[in-house]
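Let me begin by presenting the structure, written as structure tokens, before commenting on it.
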Amino acid sequence: RMRGLRQRVVDLDRESNGALVYSVRYGHLLQSDAFMGRYLESREANVEVAARKVLAHFEWRQEYAIDSIMQEDWSDLDRSGELKLAGLDREGHSGWIWKLSLHDPNRTTAERAARHIVTMMERALAHNTAEDQRIVGICDCTNVTPRNLDLAMLRIAIPVLQEQYPEVQIRTLLFPSGWLTASLWGVIQPLLAEKTRDKFQFMTQTEFKQSLKQHYEPAQIDEEYGGALVRGPGF
């Protein structure tokens with residue numbers, strides 16, 4: 001099926017553009033079993049549907065300027081500490097940490113905040129060493145309040161992440177569980193597809209730290225979570 005999927009993407013590219021435009025520009029993705037396999041998985045192994053989604057993703061990458069997104073100036077949002085890369089788990093999966101209590105909906109526009117989340121996805125994928133190129137999300141809801149909720153940004157970001165990064169997420173750890181976290185989840189949950197919702201794991205602070213010890217070496221766990229991760233430039 002993988003060979004058939006690649007060929008169908010090439011054929012669609014030629015049919016749509018009169019030449020091999022996206023198949024050449026994004027040949028590295030076209031040849032990636034991990035990337036192409038996620039599209040097959042997300043479309044239940046339907047080659048035709050998956051091929052059209054892959055080509056649509058290539059078109060989106062160009063229109064959204066993904067090739068240069070990590071070179072954009074994100075210094076103001078990076079300094080906030082709201083979003084940062086996580087360490088690698090024992091299988092080499094990268095990920096991101098989102099400290100929701102540091103999110104300020106007034107810091108920037110909803111569109112730019114959503115674009116910053118896409119940038120973090122690209123950073124995490126670039127940092128990945130796992131064969132399947134999937135990532136782990138960590139949502140730290142410590143000290144979060146209703147003022148941190150940004151529905152305008154989520155309504156932009158979530159459809160993009162679900163459509164353009166299918167089956168990238170292994171799991172998302174959300175902690176600490178409690179009434180406020182549950183209330184926030186009640187607002188966010190309707191925006192998520194069922195398969196995405198099923199990958200969220202709610203944990204107490206203790207359960208979260210135990211999960212980190214199970215999946216990560218201490219040197220890949222942030223100090224605030226009991227590890228010894230040293231962050232260098234750009235990490």
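Residue names in the structure tokens use chain letters A, B, ... in the order shown, residue numbers from 1 in each chain, and ligand numbers from 1 in the order shown.
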Arg123 in chain A surroundings by only C-alpha atoms, 8 Å radius, close-in-sequence under 4 positions cut, as a ChimeraX atom specification: /A:70,85,119,127
All residues 10 Å or closer to Lys199 in chain A, only C-alpha atoms, same chain fewer than 6 positions away omitted, as a VMD selection string: chain A and resid 136 to 137 169 to 173
Selection to disk with N, CA and C atoms, as a PDB file, in the first residue's frame:
```pdb
ATOM      1  N   VAL A 136       4.845  13.260  22.074  1.00  0.00           N
ATOM      2  CA  VAL A 136       4.082  13.221  23.324  1.00  0.00           C
ATOM      3  C   VAL A 136       3.779  14.654  23.749  1.00  0.00           C
ATOM      4  N   GLY A 137       2.545  14.908  24.128  1.00  0.00           N
ATOM      5  CA  GLY A 137       2.172  16.223  24.625  1.00  0.00           C
ATOM      6  C   GLY A 137       2.027  16.203  26.139  1.00  0.00           C
ATOM      7  N   GLN A 169       0.287  12.404  17.364  1.00  0.00           N
ATOM      8  CA  GLN A 169       0.221  12.345  18.826  1.00  0.00           C
ATOM      9  C   GLN A 169       0.151  10.906  19.317  1.00  0.00           C
ATOM     10  N   ILE A 170       1.057  10.540  20.219  1.00  0.00           N
ATOM     11  CA  ILE A 170       0.963   9.231  20.887  1.00  0.00           C
ATOM     12  C   ILE A 170      -0.021   9.343  22.038  1.00  0.00           C
ATOM     13  N   ARG A 171       0.216  10.324  22.887  1.00  0.00           N
ATOM     14  CA  ARG A 171      -0.632  10.578  24.046  1.00  0.00           C
ATOM     15  C   ARG A 171      -0.370  12.006  24.512  1.00  0.00           C
ATOM     16  N   THR A 172      -1.314  12.543  25.230  1.00  0.00           N
ATOM     17  CA  THR A 172      -1.136  13.845  25.870  1.00  0.00           C
ATOM     18  C   THR A 172      -1.460  13.691  27.342  1.00  0.00           C
ATOM     19  N   LEU A 173      -0.486  13.987  28.175  1.00  0.00           N
ATOM     20  CA  LEU A 173      -0.645  13.876  29.617  1.00  0.00           C
ATOM     21  C   LEU A 173      -1.142  15.217  30.142  1.00  0.00           C
TER      22      LEU A 173
END
```
Closest of A:Asp73, A:Glu111, A:Asp132, A:Glu167 to Ser32 in chain A - atom-to-atom distances counting only C-alpha atoms: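 Residue with the minimum atom-to-atom distance to Ser32 in chain A: A:Asp132.
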Within 9 Å of range 45-49 of chain A using only C-alpha atoms, minus same-chain residues under 6 positions, as a PyMOL selection string: chain A and resi 1-2+4-5+8-9+37+39
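Proximity of A:Glu59, A:Glu44, A:Asp78, A:Asp89 to Ala113 in chain A, computed with only C-alpha atoms, is greatest for A:Asp78.
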From A:Leu12, A:Leu88, A:Leu77, A:Val160, residue lying nearest Ala219 in chain A [only C-alpha atoms]: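 Selected residue with least distance to Ala219 in chain A: A:Leu88.
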Given only C-alpha atoms as the counted atoms, nearest of A:Asp67, A:Glu82, A:Glu41, A:Asp222 to Ala126 in chain A: A:Asp67
Which of range 78-119 of chain A fall in alpha helix (DSSP H), as an MDAnalysis selection string: chainID A and resid 78:79 110:119
Those residues you just picked out, can you put them in a file as an mmCIF file, in the first residue's frame with N, CA, C and O atoms?
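Full text of again.cif as output:
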```
data_model
loop_
_atom_site.group_PDB
_atom_site.id
_atom_site.type_symbol
_atom_site.label_atom_id
_atom_site.label_comp_id
_atom_site.auth_asym_id
_atom_site.auth_seq_id
_atom_site.Cartn_x
_atom_site.Cartn_y
_atom_site.Cartn_z
ATOM 1 N N ASP A 78 8.448 32.741 23.087
ATOM 2 C CA ASP A 78 9.338 31.754 23.700
ATOM 3 C C ASP A 78 9.768 32.195 25.103
ATOM 4 O O ASP A 78 9.896 31.379 26.015
ATOM 5 N N ARG A 79 9.992 33.500 25.270
ATOM 6 C CA ARG A 79 10.426 34.012 26.577
ATOM 7 C C ARG A 79 9.372 33.804 27.660
ATOM 8 O O ARG A 79 9.694 33.709 28.843
ATOM 9 N N ALA A 110 -4.842 35.780 18.311
ATOM 10 C CA ALA A 110 -5.194 34.355 18.330
ATOM 11 C C ALA A 110 -4.531 33.629 17.170
ATOM 12 O O ALA A 110 -4.074 32.487 17.315
ATOM 13 N N GLU A 111 -4.465 34.293 16.009
ATOM 14 C CA GLU A 111 -3.852 33.679 14.830
ATOM 15 C C GLU A 111 -2.362 33.418 15.050
ATOM 16 O O GLU A 111 -1.854 32.344 14.698
ATOM 17 N N ARG A 112 -1.672 34.386 15.634
ATOM 18 C CA ARG A 112 -0.232 34.203 15.856
ATOM 19 C C ARG A 112 0.025 33.187 16.958
ATOM 20 O O ARG A 112 0.984 32.403 16.869
ATOM 21 N N ALA A 113 -0.791 33.169 17.990
ATOM 22 C CA ALA A 113 -0.638 32.169 19.049
ATOM 23 C C ALA A 113 -0.829 30.767 18.488
ATOM 24 O O ALA A 113 -0.105 29.840 18.850
ATOM 25 N N ALA A 114 -1.808 30.609 17.591
ATOM 26 C CA ALA A 114 -2.039 29.304 16.960
ATOM 27 C C ALA A 114 -0.852 28.922 16.082
ATOM 28 O O ALA A 114 -0.431 27.756 16.054
ATOM 29 N N ARG A 115 -0.291 29.896 15.388
ATOM 30 C CA ARG A 115 0.868 29.627 14.534
ATOM 31 C C ARG A 115 2.080 29.223 15.382
ATOM 32 O O ARG A 115 2.895 28.401 14.951
ATOM 33 N N HIS A 116 2.185 29.791 16.569
ATOM 34 C CA HIS A 116 3.278 29.406 17.462
ATOM 35 C C HIS A 116 3.140 27.944 17.889
ATOM 36 O O HIS A 116 4.148 27.229 18.012
ATOM 37 N N ILE A 117 1.922 27.487 18.097
ATOM 38 C CA ILE A 117 1.709 26.079 18.444
ATOM 39 C C ILE A 117 2.131 25.176 17.280
ATOM 40 O O ILE A 117 2.760 24.128 17.475
ATOM 41 N N VAL A 118 1.799 25.581 16.058
ATOM 42 C CA VAL A 118 2.241 24.817 14.881
ATOM 43 C C VAL A 118 3.771 24.795 14.826
ATOM 44 O O VAL A 118 4.378 23.765 14.507
ATOM 45 N N THR A 119 4.395 25.916 15.155
ATOM 46 C CA THR A 119 5.856 25.979 15.188
ATOM 47 C C THR A 119 6.421 24.975 16.188
ATOM 48 O O THR A 119 7.419 24.293 15.918
#
```
Per-residue DSSP, range 150-235 of chain A, filtered to strand (DSSP E), as a PyMOL selection string: chain A and resi 169-175+200-202
Proximity to Leu212 in chain A - best of A:Gly87, A:Pro166, A:Pro146, A:Pro105, only C-alpha atoms: A:Gly87
